[in-house]
Each structure stands twice: as C-alpha cells, then as structure tokens.
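Q: I'd like to ask you about the structure that follows.
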Amino acid sequence: MSGQDATRGITLLELVVAVLVLALATVAALRSTEHATRALGGETARVLALQVALNRAEEYRLYGARVAAGLPRDLREGPVLWRLDVTEEPTRAGHVLATIGARAEAGPGARIAVIAPREVAP
C-alpha cells in the first residue's frame, strides 16, 4: 500500500458518526432554547403580579390595616383581572403582618408580606 492509498478520505462509517453527533448536538440546543423561552415567557406575568402585590402592600402602609382590609379583593389592572388573597396576623408590637398574594386567572402569581400599622393617624 502506498502513501496515497492511506489518505483516500473519510469512510462512510465516519460520516454517519459525524452526522449523528451533529444531530444530537442540534436536538440538545433546540431543547435548551425551548426551555429558556418557556421560562422567560412567564416572567412578565410574575413581574406584573409582584407589582400588584406591592401596590396593595403600599396601601396597607399608607392607610393602615383597618382601612386597607376593606379594599376590594378583585382588581383590574389593564386587561387583567387580579385576585388578591390577604391574610392578617397581629404582631406583638400592635401592628399587623399582612401576607398579600396576587394572581390572575392564568399565569403565575406573587406573594409578599408587609408589616403595617393597625390605624394611621390623620
């Protein structure tokens, strides 16, 4: 066998293995992209839910727990109807620990806790 015969090129088996490796890498990249797209797609809803919960927490701080507890639990922000779930617990200092959850009909929600006075002096 001469030197030129040994360097004829790649065999069919080597080509099949190379195509298989590239196919597996492509499938892995597509799955990773799909997972990242799904994870980032829900982030907008989480941010909006957090903002709704933060708004209600600020109302607790501004108005006091006695007034804020009477605020509506269904809130429309833009096209979305938000449902607010609030639980209150008294603290030893005489304040109220309010846990506020905000959730739309579809999508993720948010939960936040705030310590607010029971009443705010005028």
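Chain identifiers are assigned as A, B, and so on, following the order in which chains appear in the structure tokens; residues are numbered from 1 within each chain, and ligands are numbered from 1 in order of appearance.
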Using the chain letters and numbers from this document, which residues of region 7-102 of chain A does DSSP assign to alpha helix (DSSP H), as a count of residues only?
A: 55
Q: What lies within 10 Å of Arg73 (chain A) using only C-alpha atoms, ignoring chain neighbours under 3 positions off, as a VMD selection string?
A: chain A and resid 56 69 to 70 82 to 86 102
Q: Using only C-alpha atoms, please write the residues we just selected to a file, as a short mmCIF file (atom, residue, chain, number, x, y, z; two decimals), in the first residue's frame.
A:
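New file part-v4.cif:
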data_model
loop_
_atom_site.label_atom_id
_atom_site.label_comp_id
_atom_site.auth_asym_id
_atom_site.auth_seq_id
_atom_site.Cartn_x
_atom_site.Cartn_y
_atom_site.Cartn_z
CA ARG A 56 -51.56 46.63 47.89
CA ALA A 69 -58.59 45.32 54.80
CA GLY A 70 -61.80 46.80 53.38
CA TRP A 82 -56.22 40.20 39.56
CA ARG A 83 -57.43 38.32 42.62
CA LEU A 84 -55.79 39.44 45.87
CA ASP A 85 -55.66 36.99 48.78
CA VAL A 86 -54.75 38.72 52.04
CA ALA A 102 -51.77 38.40 43.71
#
Q: If you take only C-alpha atoms and a cut-off of 8 Å, which residues of region 8-65 of chain A touch region 113-118 of chain A, and what are their nearest atom pairs and distances in Å to one decimal, in chain and number order, as a Markdown table?
A:
| residue | atom | partner | partner_atom | distance |
| --- | --- | --- | --- | --- |
| A:Ala57 | CA | A:Val114 | CA | 6.0 |
| A:Tyr60 | CA | A:Ala116 | CA | 5.9 |
| A:Arg61 | CA | A:Ala116 | CA | 5.1 |
| A:Gly64 | CA | A:Arg118 | CA | 5.1 |
| A:Ala65 | CA | A:Arg118 | CA | 4.7 |
Q: Keeping only C-alpha atoms, write the selected residues to a file as a PDB file, in the first residue's frame.
A:
ATOM      1  CA  ALA A  57     -48.706  46.455  50.413  1.00  0.00           C
ATOM      2  CA  TYR A  60     -51.516  48.858  53.836  1.00  0.00           C
ATOM      3  CA  ARG A  61     -48.656  51.143  54.858  1.00  0.00           C
ATOM      4  CA  GLY A  64     -53.333  51.230  57.904  1.00  0.00           C
ATOM      5  CA  ALA A  65     -54.610  47.688  58.155  1.00  0.00           C
TER       6      ALA A  65
END
Q: Can you tell me how far CA of Leu40 (chain A) sits from CA of Gly107 (chain A), in Å to one decimal?
A: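 Interatomic distance here is 12.5 Å.
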Q: Nearest to Val47 (chain A): which of A:Ala121, A:Arg103, A:Leu75, A:Gly9 is it, counting only C-alpha atoms?
A: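 For Val47 (chain A), the nearest of the given residues is A:Arg103.
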Q: Which of chain A end up as strand (DSSP E or B) when DSSP is run on this backbone - answer as a PyMOL selection string?
A: chain A and resi 74-77+80-90+96-104+110-116
Q: Interatomic distance between CA of Glu34 (chain A) and CA of Arg111 (chain A)?
A: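 Between these atoms lies a distance of 27.3 Å.
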Q: Need to verify the contact set: region 76-81 of chain A, 9 Å, only C-alpha atoms, exclusion of same-chain residues closer than 4 positions in sequence. Can you return it as a ChimeraX atom specification?
A: /A:52,103-105
Q: Once you have the residues from the selection above, write them out as a short mmCIF file (atom, residue, chain, number, x, y, z; two decimals), in the first residue's frame, restricted to C-alpha atoms.
A:
data_model
loop_
_atom_site.label_atom_id
_atom_site.label_comp_id
_atom_site.auth_asym_id
_atom_site.auth_seq_id
_atom_site.Cartn_x
_atom_site.Cartn_y
_atom_site.Cartn_z
CA VAL A 52 -49.98 44.39 42.02
CA ARG A 103 -52.86 36.03 40.98
CA ALA A 104 -54.54 36.36 37.59
CA GLU A 105 -56.81 33.69 36.12
#
